[in-house]
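K.L.:
Sharing structure.cif (mmCIF, C-alpha atoms) below.
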```
data_query
loop_
_atom_site.group_PDB
_atom_site.id
_atom_site.type_symbol
_atom_site.label_atom_id
_atom_site.label_comp_id
_atom_site.auth_asym_id
_atom_site.auth_seq_id
_atom_site.Cartn_x
_atom_site.Cartn_y
_atom_site.Cartn_z
ATOM 1 C CA MET Z 1 200.087 138.781 61.941
ATOM 2 C CA ASP Z 2 203.555 137.587 60.928
ATOM 3 C CA LYS Z 3 205.908 138.708 63.713
ATOM 4 C CA LEU Z 4 208.662 140.029 61.435
ATOM 5 C CA GLN Z 5 206.099 142.038 59.501
ATOM 6 C CA GLY Z 6 204.615 143.344 62.756
ATOM 7 C CA ILE Z 7 208.010 144.532 64.012
ATOM 8 C CA ASP Z 8 208.738 146.361 60.756
ATOM 9 C CA GLN Z 9 205.254 147.881 60.681
ATOM 10 C CA ALA Z 10 205.744 149.236 64.202
ATOM 11 C CA ILE Z 11 208.963 151.004 63.179
ATOM 12 C CA TYR Z 12 207.443 152.415 59.990
ATOM 13 C CA ARG Z 13 204.315 153.483 61.896
ATOM 14 C CA TYR Z 14 206.510 155.487 64.251
ATOM 15 C CA TYR Z 15 208.471 157.228 61.502
ATOM 16 C CA ARG Z 16 205.609 157.775 59.062
ATOM 17 C CA SER Z 17 202.848 158.885 61.451
ATOM 18 C CA ARG Z 18 204.414 162.260 62.219
ATOM 19 C CA LYS Z 19 205.303 165.416 60.328
ATOM 20 C CA VAL Z 20 208.736 164.716 58.842
ATOM 21 C CA ILE Z 21 211.461 167.271 59.549
ATOM 22 C CA SER Z 22 214.145 165.693 57.331
ATOM 23 C CA GLU Z 23 213.423 163.116 54.644
ATOM 24 C CA GLU Z 24 217.180 162.533 54.346
ATOM 25 C CA LEU Z 25 217.387 161.487 57.991
ATOM 26 C CA ILE Z 26 214.367 159.186 57.680
ATOM 27 C CA ALA Z 27 215.861 157.634 54.525
ATOM 28 C CA SER Z 28 219.128 156.923 56.355
ATOM 29 C CA ILE Z 29 217.325 155.409 59.362
ATOM 30 C CA LEU Z 30 215.097 153.169 57.242
ATOM 31 C CA TYR Z 31 218.015 152.118 55.010
ATOM 32 C CA SER Z 32 219.634 150.433 58.008
ATOM 33 C CA ILE Z 33 216.326 149.184 59.415
ATOM 34 C CA ASP Z 34 215.632 147.518 56.044
ATOM 35 C CA SER Z 35 219.074 145.957 55.700
ATOM 36 C CA GLY Z 36 217.941 142.396 56.343
ATOM 37 C CA GLY Z 37 218.600 141.799 60.030
ATOM 38 C CA LYS Z 38 217.256 138.643 61.641
ATOM 39 C CA ARG Z 39 215.281 140.633 64.268
ATOM 40 C CA ILE Z 40 216.368 138.087 66.870
ATOM 41 C CA ARG Z 41 215.991 140.456 69.855
ATOM 42 C CA PRO Z 42 212.393 141.531 69.175
ATOM 43 C CA LEU Z 43 211.421 138.011 68.117
ATOM 44 C CA ILE Z 44 212.718 136.609 71.410
ATOM 45 C CA MET Z 45 210.560 139.065 73.357
ATOM 46 C CA LEU Z 46 207.424 138.248 71.366
ATOM 47 C CA GLU Z 47 207.969 134.481 71.556
ATOM 48 C CA ILE Z 48 208.457 134.610 75.334
ATOM 49 C CA LEU Z 49 205.277 136.672 75.728
ATOM 50 C CA GLU Z 50 203.333 134.083 73.754
ATOM 51 C CA GLY Z 51 204.991 131.348 75.800
ATOM 52 C CA PHE Z 52 203.381 132.940 78.862
ATOM 53 C CA GLY Z 53 200.010 132.934 77.075
ATOM 54 C CA VAL Z 54 199.947 136.681 76.319
ATOM 55 C CA LYS Z 55 197.927 137.658 73.228
ATOM 56 C CA LEU Z 56 200.121 140.011 71.201
ATOM 57 C CA ASN Z 57 198.947 143.534 70.347
ATOM 58 C CA ASP Z 58 200.426 146.720 68.821
ATOM 59 C CA SER Z 59 201.973 147.811 72.130
ATOM 60 C CA HIS Z 60 203.956 144.582 72.329
ATOM 61 C CA PHE Z 61 205.210 145.059 68.777
ATOM 62 C CA ASP Z 62 206.176 148.650 69.651
ATOM 63 C CA VAL Z 63 208.356 147.509 72.581
ATOM 64 C CA ALA Z 64 209.884 144.825 70.371
ATOM 65 C CA ALA Z 65 210.562 147.468 67.711
ATOM 66 C CA ALA Z 66 212.237 149.695 70.316
ATOM 67 C CA VAL Z 67 214.993 147.182 71.067
ATOM 68 C CA GLU Z 68 215.548 146.558 67.348
ATOM 69 C CA MET Z 69 215.914 150.304 66.780
ATOM 70 C CA ILE Z 70 218.610 150.609 69.440
ATOM 71 C CA HIS Z 71 220.422 147.560 68.082
ATOM 72 C CA THR Z 72 220.342 149.017 64.556
ATOM 73 C CA GLY Z 73 221.632 152.380 65.803
ATOM 74 C CA SER Z 74 224.536 150.605 67.493
ATOM 75 C CA LEU Z 75 225.458 148.872 64.216
ATOM 76 C CA ILE Z 76 225.461 152.188 62.332
ATOM 77 C CA HIS Z 77 227.855 153.666 64.894
ATOM 78 C CA ASP Z 78 229.944 150.475 65.124
ATOM 79 C CA ASP Z 79 230.691 150.664 61.406
ATOM 80 C CA LEU Z 80 231.888 154.294 61.465
ATOM 81 C CA PRO Z 81 235.539 155.083 60.629
ATOM 82 C CA ALA Z 82 236.241 156.043 64.256
ATOM 83 C CA MET Z 83 234.957 152.666 65.453
ATOM 84 C CA ASP Z 84 235.234 149.419 63.429
ATOM 85 C CA ASN Z 85 235.566 151.253 60.076
ATOM 86 C CA ASP Z 86 233.637 148.733 57.971
ATOM 87 C CA ASP Z 87 232.313 149.237 54.450
ATOM 88 C CA TYR Z 88 229.689 146.484 54.491
ATOM 89 C CA ARG Z 89 226.951 145.370 56.854
ATOM 90 C CA ARG Z 90 224.501 142.548 56.117
ATOM 91 C CA GLY Z 91 225.821 142.283 52.580
ATOM 92 C CA ARG Z 92 225.476 145.901 51.490
ATOM 93 C CA LEU Z 93 227.122 149.266 52.027
ATOM 94 C CA THR Z 94 227.233 150.533 55.592
ATOM 95 C CA ASN Z 95 225.186 153.624 56.376
ATOM 96 C CA HIS Z 96 228.067 156.084 56.234
ATOM 97 C CA LYS Z 97 229.160 154.653 52.865
ATOM 98 C CA LYS Z 98 225.633 154.851 51.437
ATOM 99 C CA PHE Z 99 224.985 158.375 52.747
ATOM 100 C CA ASN Z 100 227.820 160.148 54.576
ATOM 101 C CA GLU Z 101 229.439 160.086 57.976
ATOM 102 C CA ALA Z 102 227.457 162.963 59.513
ATOM 103 C CA THR Z 103 224.127 161.522 58.355
ATOM 104 C CA ALA Z 104 225.050 158.097 59.737
ATOM 105 C CA ILE Z 105 225.921 159.605 63.129
ATOM 106 C CA LEU Z 106 222.584 161.413 63.269
ATOM 107 C CA ALA Z 107 220.649 158.327 62.160
ATOM 108 C CA GLY Z 108 222.287 156.375 64.981
ATOM 109 C CA ASP Z 109 221.444 159.176 67.428
ATOM 110 C CA SER Z 110 217.791 159.025 66.345
ATOM 111 C CA LEU Z 111 217.659 155.258 66.745
ATOM 112 C CA PHE Z 112 219.043 155.569 70.284
ATOM 113 C CA LEU Z 113 216.565 158.247 71.391
ATOM 114 C CA ASP Z 114 213.315 157.485 69.548
ATOM 115 C CA PRO Z 115 212.642 154.078 71.202
ATOM 116 C CA PHE Z 116 211.905 155.714 74.544
ATOM 117 C CA GLY Z 117 209.186 157.874 72.982
ATOM 118 C CA LEU Z 118 207.816 154.801 71.249
ATOM 119 C CA ILE Z 119 207.539 152.875 74.543
ATOM 120 C CA ALA Z 120 206.022 155.907 76.301
ATOM 121 C CA GLU Z 121 203.217 156.033 73.711
ATOM 122 C CA THR Z 122 202.161 152.383 74.103
ATOM 123 C CA ASN Z 123 198.920 151.373 75.813
ATOM 124 C CA LEU Z 124 200.741 149.480 78.545
ATOM 125 C CA SER Z 125 200.283 150.578 82.156
ATOM 126 C CA ALA Z 126 202.361 153.504 83.393
ATOM 127 C CA GLU Z 127 204.161 151.211 85.871
ATOM 128 C CA ILE Z 128 205.172 148.751 83.157
ATOM 129 C CA LYS Z 129 206.279 151.535 80.812
ATOM 130 C CA ILE Z 130 208.504 153.075 83.498
ATOM 131 C CA GLN Z 131 210.121 149.689 84.180
ATOM 132 C CA LEU Z 132 210.705 149.091 80.466
ATOM 133 C CA VAL Z 133 212.219 152.539 79.896
ATOM 134 C CA SER Z 134 214.486 152.067 82.925
ATOM 135 C CA GLU Z 135 215.627 148.594 81.833
ATOM 136 C CA LEU Z 136 216.216 149.655 78.218
ATOM 137 C CA SER Z 137 218.221 152.703 79.292
ATOM 138 C CA TYR Z 138 220.340 150.620 81.656
ATOM 139 C CA SER Z 139 220.987 147.832 79.137
ATOM 140 C CA SER Z 140 221.860 150.113 76.234
ATOM 141 C CA GLY Z 141 223.608 153.105 77.818
ATOM 142 C CA THR Z 142 226.629 153.910 79.954
ATOM 143 C CA PHE Z 143 226.127 150.889 82.214
ATOM 144 C CA GLY Z 144 225.423 148.452 79.373
ATOM 145 C CA MET Z 145 226.071 148.388 75.640
ATOM 146 C CA VAL Z 146 227.799 151.780 75.299
ATOM 147 C CA GLY Z 147 230.026 151.130 78.313
ATOM 148 C CA GLY Z 148 230.949 147.766 76.820
ATOM 149 C CA GLN Z 149 231.765 149.386 73.483
ATOM 150 C CA MET Z 150 234.148 151.755 75.287
ATOM 151 C CA LEU Z 151 235.922 148.817 76.945
ATOM 152 C CA ASP Z 152 236.075 147.074 73.565
ATOM 153 C CA MET Z 153 237.779 150.075 71.930
ATOM 154 C CA LEU Z 154 240.259 150.419 74.808
ATOM 155 C CA GLY Z 155 241.046 146.721 74.514
ATOM 156 C CA GLU Z 156 242.082 146.820 70.854
ATOM 157 C CA GLU Z 157 245.639 145.611 70.267
ATOM 158 C CA ALA Z 158 245.866 144.747 73.978
ATOM 159 C CA GLN Z 159 246.452 141.327 75.504
ATOM 160 C CA LEU Z 160 243.205 140.836 77.402
ATOM 161 C CA SER Z 161 242.501 138.096 79.911
ATOM 162 C CA LEU Z 162 239.445 135.878 79.558
ATOM 163 C CA GLU Z 163 237.880 137.785 82.461
ATOM 164 C CA ASP Z 164 238.456 141.113 80.648
ATOM 165 C CA LEU Z 165 236.888 139.716 77.486
ATOM 166 C CA GLN Z 166 233.875 138.392 79.394
ATOM 167 C CA THR Z 167 233.347 141.800 81.026
ATOM 168 C CA ILE Z 168 233.456 143.578 77.660
ATOM 169 C CA HIS Z 169 230.933 141.304 76.006
ATOM 170 C CA ALA Z 170 228.634 140.926 79.009
ATOM 171 C CA ASN Z 171 228.059 144.658 78.580
ATOM 172 C CA LYS Z 172 228.568 145.319 74.864
ATOM 173 C CA THR Z 173 226.421 142.413 73.653
ATOM 174 C CA GLY Z 174 224.911 140.679 76.648
ATOM 175 C CA LYS Z 175 222.840 143.366 78.335
ATOM 176 C CA LEU Z 176 220.892 144.462 75.253
ATOM 177 C CA LEU Z 177 220.303 140.811 74.377
ATOM 178 C CA ALA Z 178 219.013 140.194 77.907
ATOM 179 C CA PHE Z 179 216.563 143.109 77.661
ATOM 180 C CA PRO Z 180 213.890 141.311 75.584
ATOM 181 C CA PHE Z 181 213.899 138.418 78.085
ATOM 182 C CA VAL Z 182 213.415 140.808 81.002
ATOM 183 C CA ALA Z 183 210.920 142.964 79.100
ATOM 184 C CA ALA Z 184 208.735 139.950 78.341
ATOM 185 C CA GLY Z 185 208.692 139.018 82.031
ATOM 186 C CA ILE Z 186 207.746 142.572 83.009
ATOM 187 C CA ILE Z 187 204.971 142.830 80.409
ATOM 188 C CA ALA Z 188 203.629 139.375 81.322
ATOM 189 C CA GLU Z 189 203.621 140.525 84.984
ATOM 190 C CA GLN Z 190 205.719 137.623 86.187
ATOM 191 C CA SER Z 191 207.263 137.436 89.650
ATOM 192 C CA SER Z 192 210.687 138.906 90.368
ATOM 193 C CA VAL Z 193 212.030 135.349 90.661
ATOM 194 C CA VAL Z 194 210.856 134.502 87.135
ATOM 195 C CA VAL Z 195 212.190 137.815 85.745
ATOM 196 C CA THR Z 196 215.578 137.047 87.308
ATOM 197 C CA ASP Z 197 215.559 133.604 85.665
ATOM 198 C CA LEU Z 198 214.709 135.230 82.339
ATOM 199 C CA GLN Z 199 217.557 137.711 82.762
ATOM 200 C CA THR Z 200 219.979 134.847 83.404
ATOM 201 C CA ALA Z 201 218.747 133.117 80.248
ATOM 202 C CA GLY Z 202 219.237 136.350 78.325
ATOM 203 C CA GLU Z 203 222.781 136.778 79.621
ATOM 204 C CA LEU Z 204 223.593 133.206 78.565
ATOM 205 C CA ILE Z 205 222.217 133.867 75.085
ATOM 206 C CA GLY Z 206 224.226 137.101 74.984
ATOM 207 C CA LEU Z 207 227.419 135.155 75.736
ATOM 208 C CA ALA Z 208 226.533 132.522 73.144
ATOM 209 C CA PHE Z 209 225.802 135.221 70.580
ATOM 210 C CA GLN Z 210 229.205 136.852 71.054
ATOM 211 C CA VAL Z 211 231.134 133.579 70.993
ATOM 212 C CA ARG Z 212 229.203 132.610 67.846
ATOM 213 C CA ASP Z 213 230.083 135.950 66.230
ATOM 214 C CA ASP Z 214 233.770 135.486 67.115
ATOM 215 C CA ILE Z 215 233.775 131.980 65.605
ATOM 216 C CA LEU Z 216 232.113 133.188 62.413
ATOM 217 C CA ASP Z 217 234.620 136.042 62.074
ATOM 218 C CA VAL Z 218 237.325 133.392 61.791
ATOM 219 C CA THR Z 219 235.503 130.659 59.852
ATOM 220 C CA ALA Z 220 232.849 132.266 57.628
ATOM 221 C CA THR Z 221 232.993 134.010 54.248
ATOM 222 C CA PHE Z 222 231.675 137.466 53.334
ATOM 223 C CA GLU Z 223 228.690 135.807 51.637
ATOM 224 C CA GLU Z 224 227.816 133.890 54.797
ATOM 225 C CA ILE Z 225 228.018 136.778 57.281
ATOM 226 C CA GLY Z 226 227.380 139.802 55.039
ATOM 227 C CA LYS Z 227 230.340 141.775 56.374
ATOM 228 C CA THR Z 228 234.120 141.731 56.114
ATOM 229 C CA PRO Z 229 235.439 138.506 57.696
ATOM 230 C CA GLN Z 230 238.519 138.329 59.937
ATOM 231 C CA LYS Z 231 238.215 142.007 60.902
ATOM 232 C CA ASP Z 232 238.891 141.144 64.555
ATOM 233 C CA LEU Z 233 241.948 139.107 63.574
ATOM 234 C CA LEU Z 234 243.393 141.938 61.494
ATOM 235 C CA ALA Z 235 242.667 144.478 64.243
ATOM 236 C CA GLU Z 236 244.440 142.199 66.744
ATOM 237 C CA LYS Z 237 241.349 142.174 68.959
ATOM 238 C CA SER Z 238 241.045 139.618 71.726
ATOM 239 C CA THR Z 239 238.306 137.114 70.894
ATOM 240 C CA TYR Z 240 237.193 133.774 72.297
ATOM 241 C CA PRO Z 241 238.895 131.770 69.510
ATOM 242 C CA ALA Z 242 242.084 133.828 69.886
ATOM 243 C CA LEU Z 243 242.222 133.214 73.641
ATOM 244 C CA LEU Z 244 240.789 129.703 73.884
ATOM 245 C CA GLY Z 245 240.949 128.171 70.402
ATOM 246 C CA LEU Z 246 238.034 127.136 68.208
ATOM 247 C CA GLU Z 247 237.256 123.832 69.932
ATOM 248 C CA LYS Z 248 236.816 125.429 73.363
ATOM 249 C CA SER Z 249 234.834 128.302 71.810
ATOM 250 C CA TYR Z 250 232.374 125.852 70.258
ATOM 251 C CA ALA Z 251 232.063 124.155 73.668
ATOM 252 C CA ILE Z 252 231.264 127.473 75.423
ATOM 253 C CA LEU Z 253 228.694 128.330 72.738
ATOM 254 C CA ASN Z 254 226.855 125.032 73.109
ATOM 255 C CA GLU Z 255 227.091 124.977 76.907
ATOM 256 C CA SER Z 256 225.585 128.485 77.143
ATOM 257 C CA LEU Z 257 222.696 127.535 74.858
ATOM 258 C CA GLU Z 258 221.997 124.377 76.854
ATOM 259 C CA LYS Z 259 221.921 126.295 80.152
ATOM 260 C CA ALA Z 260 219.445 128.800 78.662
ATOM 261 C CA GLN Z 261 217.259 125.977 77.365
ATOM 262 C CA ALA Z 262 217.262 124.414 80.838
ATOM 263 C CA ILE Z 263 215.842 127.632 82.309
ATOM 264 C CA PHE Z 264 212.914 127.532 79.894
ATOM 265 C CA GLN Z 265 212.399 123.862 80.700
ATOM 266 C CA LYS Z 266 212.114 124.849 84.371
ATOM 267 C CA LEU Z 267 209.625 127.607 83.487
ATOM 268 C CA GLN Z 268 207.566 125.030 81.627
ATOM 269 C CA GLU Z 269 207.466 122.772 84.667
ATOM 270 C CA ASN Z 270 206.828 125.491 87.259
ATOM 271 C CA GLN Z 271 204.913 128.214 85.396
ATOM 272 C CA GLY Z 272 203.158 126.370 82.578
ATOM 273 C CA PHE Z 273 205.339 128.210 80.061
ATOM 274 C CA ASN Z 274 205.222 126.941 76.460
ATOM 275 C CA PRO Z 275 208.908 126.834 75.402
ATOM 276 C CA GLN Z 276 208.611 125.454 71.875
ATOM 277 C CA ASN Z 277 209.168 128.615 69.810
ATOM 278 C CA ILE Z 278 211.860 130.149 72.007
ATOM 279 C CA GLN Z 279 213.688 126.821 72.124
ATOM 280 C CA GLU Z 280 213.682 126.761 68.315
ATOM 281 C CA ILE Z 281 215.259 130.237 68.200
ATOM 282 C CA ILE Z 282 217.937 129.151 70.683
ATOM 283 C CA GLU Z 283 218.624 125.975 68.700
ATOM 284 C CA ARG Z 284 219.235 127.991 65.519
ATOM 285 C CA LEU Z 285 222.159 129.736 67.229
ATOM 286 C CA ARG Z 286 224.177 126.508 67.306
ATOM 287 C CA LEU Z 287 227.219 126.100 65.084
ATOM 288 C CA HIS Z 288 228.779 122.767 64.249
ATOM 289 C CA ALA Z 289 232.547 122.526 63.971
#
```
With the file now loaded, output its structure as structure tokens.

P.N.:
Amino acid sequence: MDKLQGIDQAIYRYYRSRKVISEELIASILYSIDSGGKRIRPLIMLEILEGFGVKLNDSHFDVAAAVEMIHTGSLIHDDLPAMDNDDYRRGRLTNHKKFNEATAILAGDSLFLDPFGLIAETNLSAEIKIQLVSELSYSSGTFGMVGGQMLDMLGEEAQLSLEDLQTIHANKTGKLLAFPFVAAGIIAEQSSVVVTDLQTAGELIGLAFQVRDDILDVTATFEEIGKTPQKDLLAEKSTYPALLGLEKSYAILNESLEKAQAIFQKLQENQGFNPQNIQEIIERLRLHA
């Protein structure tokens, strides 16, 4: 099965296999799910599982879908007037512009809560499911993504240090991006040492992802990124290019990707891991000045 298709099927299976309470809510949820995201988080998890020799099944696609659902919910809320106040996401109207603000809030709420039910219903062992639920809650909630979003809002129009900026993005972006790395290690029943290495790789990719996003906000067009460019600049937000300049930002991006690739090289040597597909995903995150 094509992995992208499998991820989408898992989400649709969840929302279409039950008695629907509100078609309007489902329509709002699926509008954002179908908005053309790259599915990088779930793809990373699936590619790492296959790298460990795990044969993919519906339960694996369900866990992959769960992280994509939370990511999509965060984008819906990010775009709201009280947050980043953006009219476009991935080249089309944001959820609150397509529907209305209340519906968008509720769709985001659903996408934050439903993934835990989805994981609970998989055919994975109870021990693995508990670990996954715990890790996903930690990475996406008060002590992860949501906490980072709060720091990000408080930091608007403030002169942040590099350390402040790193703290914001390690939580806002990094922890949810690290989840699929950790989840794959848990599902593949790897040692705690290997899971820690995977988490480090995920944190490096999270940093690279944020630096890349900051660079694109300055250098890309609406057509290239599918959302309003230079929003951070206009909002006077501290970003890596604003603090360090573009040249240093490119250097941090590439250095982070190379460190992550080195971890997978080590896993290949020590664990027999096949790194080809995950290395290709990492390589696609590069930008050239």

K.L.:
Between Z:Ala65, Z:Leu136, Z:Ile215, Z:Met153, single out the one closest to Ile44 (chain Z), counting all atoms listed in the file.

P.N.:
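Looking at the shortest contact to Ile44 (chain Z), the residue is Z:Ala65.
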
K.L.:
Expand the PyMOL selection byres ((chain Z and resi 74) around 9) into the individual residues it matches in the shown file, reporting them as a PyMOL selection string.

P.N.:
chain Z and resi 69-73+75-79+108+111-112+145-146

K.L.:
Can you work out the spacing between CA of Leu243 (chain Z) and CA of Thr173 (chain Z) in Å, to one decimal?

P.N.:
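Straight-line distance from CA of Leu243 (chain Z) to CA of Thr173 (chain Z) works out to 18.3 Å.
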
K.L.:
Measuring atom to atom with only C-alpha atoms, identify which of Z:Ala188, Z:Leu257, Z:Val218, Z:Leu198 is nearest to Glu50 (chain Z).

P.N.:
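Among Z:Ala188, Z:Leu257, Z:Val218, Z:Leu198, it is Z:Ala188 that comes nearest to Glu50 (chain Z).
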
K.L.:
In Å to one decimal, how far is CA of Gly185 (chain Z) from CA of Ser110 (chain Z)?

P.N.:
27.0 Å

K.L.:
Evaluate the PyMOL selection byres ((chain Z and resi 116) around 9) and record the selected residues as a PyMOL selection string, following the chain and residue labels used in the document.

P.N.:
chain Z and resi 66+112-115+117-121+132-133+136-137

K.L.:
Skipping near chain neighbours, those fewer than 3 positions away, what residues fall within 12 Å of region 91-95 of chain Z using all atoms listed in the file, listed as a ChimeraX atom specification?

P.N.:
/Z:25,27-37,72-81,84-88,98-108,221-229

K.L.:
Can you work out which one of Z:Lys266, Z:Ser238, Z:Asp213, Z:Asn57 has the shortest atom-to-atom distance to Tyr250 (chain Z), counting only C-alpha atoms?

P.N.:
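Residue with the minimum atom-to-atom distance to Tyr250 (chain Z): Z:Asp213.
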
K.L.:
Would you give me, as a tab-separated table, each residue of region 29-123 of chain Z having an atom within 12 Å of an atom of region 270-274 of chain Z, along with its shortest atom pair and that distance in Å to one decimal, using all atoms listed in the file and sorting by chain and residue number?

P.N.:
```
residue	atom	partner	partner_atom	distance
Z:Glu47	CA	Z:Asn274	CA	9.4
Z:Ile48	CA	Z:Asn274	CA	8.4
Z:Leu49	CA	Z:Phe273	CA	9.5
Z:Glu50	CA	Z:Asn274	CA	7.9
Z:Gly51	CA	Z:Asn274	CA	4.5
Z:Phe52	CA	Z:Phe273	CA	5.3
Z:Gly53	CA	Z:Phe273	CA	7.7
Z:Val54	CA	Z:Phe273	CA	10.7
```

K.L.:
Report, in Å to a single decimal, how far apart CA of Ser256 (chain Z) and CA of Leu204 (chain Z) are.

P.N.:
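Atom-to-atom, CA of Leu204 (chain Z) to CA of Ser256 (chain Z), that is 5.3 Å.
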
K.L.:
Do you know which residues the PyMOL selection byres ((chain Z and resi 282-287) around 12) returns on this file, as number ranges by chain?

P.N.:
Z: 38, 40-41, 43-44, 47-48, 201-202, 204-216, 219-220, 246-247, 249-264, 275-281, 288-289

K.L.:
With C-alpha atoms retained, write the just-selected residues as a short mmCIF file (atom, residue, chain, number, x, y, z; two decimals), in the frame of the given file.

P.N.:
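out-v9.cif was written with the following content:
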```cif
data_model
loop_
_atom_site.label_atom_id
_atom_site.label_comp_id
_atom_site.auth_asym_id
_atom_site.auth_seq_id
_atom_site.Cartn_x
_atom_site.Cartn_y
_atom_site.Cartn_z
CA LYS Z 38 217.26 138.64 61.64
CA ILE Z 40 216.37 138.09 66.87
CA ARG Z 41 215.99 140.46 69.86
CA LEU Z 43 211.42 138.01 68.12
CA ILE Z 44 212.72 136.61 71.41
CA GLU Z 47 207.97 134.48 71.56
CA ILE Z 48 208.46 134.61 75.33
CA ALA Z 201 218.75 133.12 80.25
CA GLY Z 202 219.24 136.35 78.32
CA LEU Z 204 223.59 133.21 78.56
CA ILE Z 205 222.22 133.87 75.08
CA GLY Z 206 224.23 137.10 74.98
CA LEU Z 207 227.42 135.16 75.74
CA ALA Z 208 226.53 132.52 73.14
CA PHE Z 209 225.80 135.22 70.58
CA GLN Z 210 229.20 136.85 71.05
CA VAL Z 211 231.13 133.58 70.99
CA ARG Z 212 229.20 132.61 67.85
CA ASP Z 213 230.08 135.95 66.23
CA ASP Z 214 233.77 135.49 67.11
CA ILE Z 215 233.78 131.98 65.60
CA LEU Z 216 232.11 133.19 62.41
CA THR Z 219 235.50 130.66 59.85
CA ALA Z 220 232.85 132.27 57.63
CA LEU Z 246 238.03 127.14 68.21
CA GLU Z 247 237.26 123.83 69.93
CA SER Z 249 234.83 128.30 71.81
CA TYR Z 250 232.37 125.85 70.26
CA ALA Z 251 232.06 124.16 73.67
CA ILE Z 252 231.26 127.47 75.42
CA LEU Z 253 228.69 128.33 72.74
CA ASN Z 254 226.86 125.03 73.11
CA GLU Z 255 227.09 124.98 76.91
CA SER Z 256 225.58 128.49 77.14
CA LEU Z 257 222.70 127.54 74.86
CA GLU Z 258 222.00 124.38 76.85
CA LYS Z 259 221.92 126.30 80.15
CA ALA Z 260 219.44 128.80 78.66
CA GLN Z 261 217.26 125.98 77.36
CA ALA Z 262 217.26 124.41 80.84
CA ILE Z 263 215.84 127.63 82.31
CA PHE Z 264 212.91 127.53 79.89
CA PRO Z 275 208.91 126.83 75.40
CA GLN Z 276 208.61 125.45 71.88
CA ASN Z 277 209.17 128.62 69.81
CA ILE Z 278 211.86 130.15 72.01
CA GLN Z 279 213.69 126.82 72.12
CA GLU Z 280 213.68 126.76 68.32
CA ILE Z 281 215.26 130.24 68.20
CA HIS Z 288 228.78 122.77 64.25
CA ALA Z 289 232.55 122.53 63.97
#
```
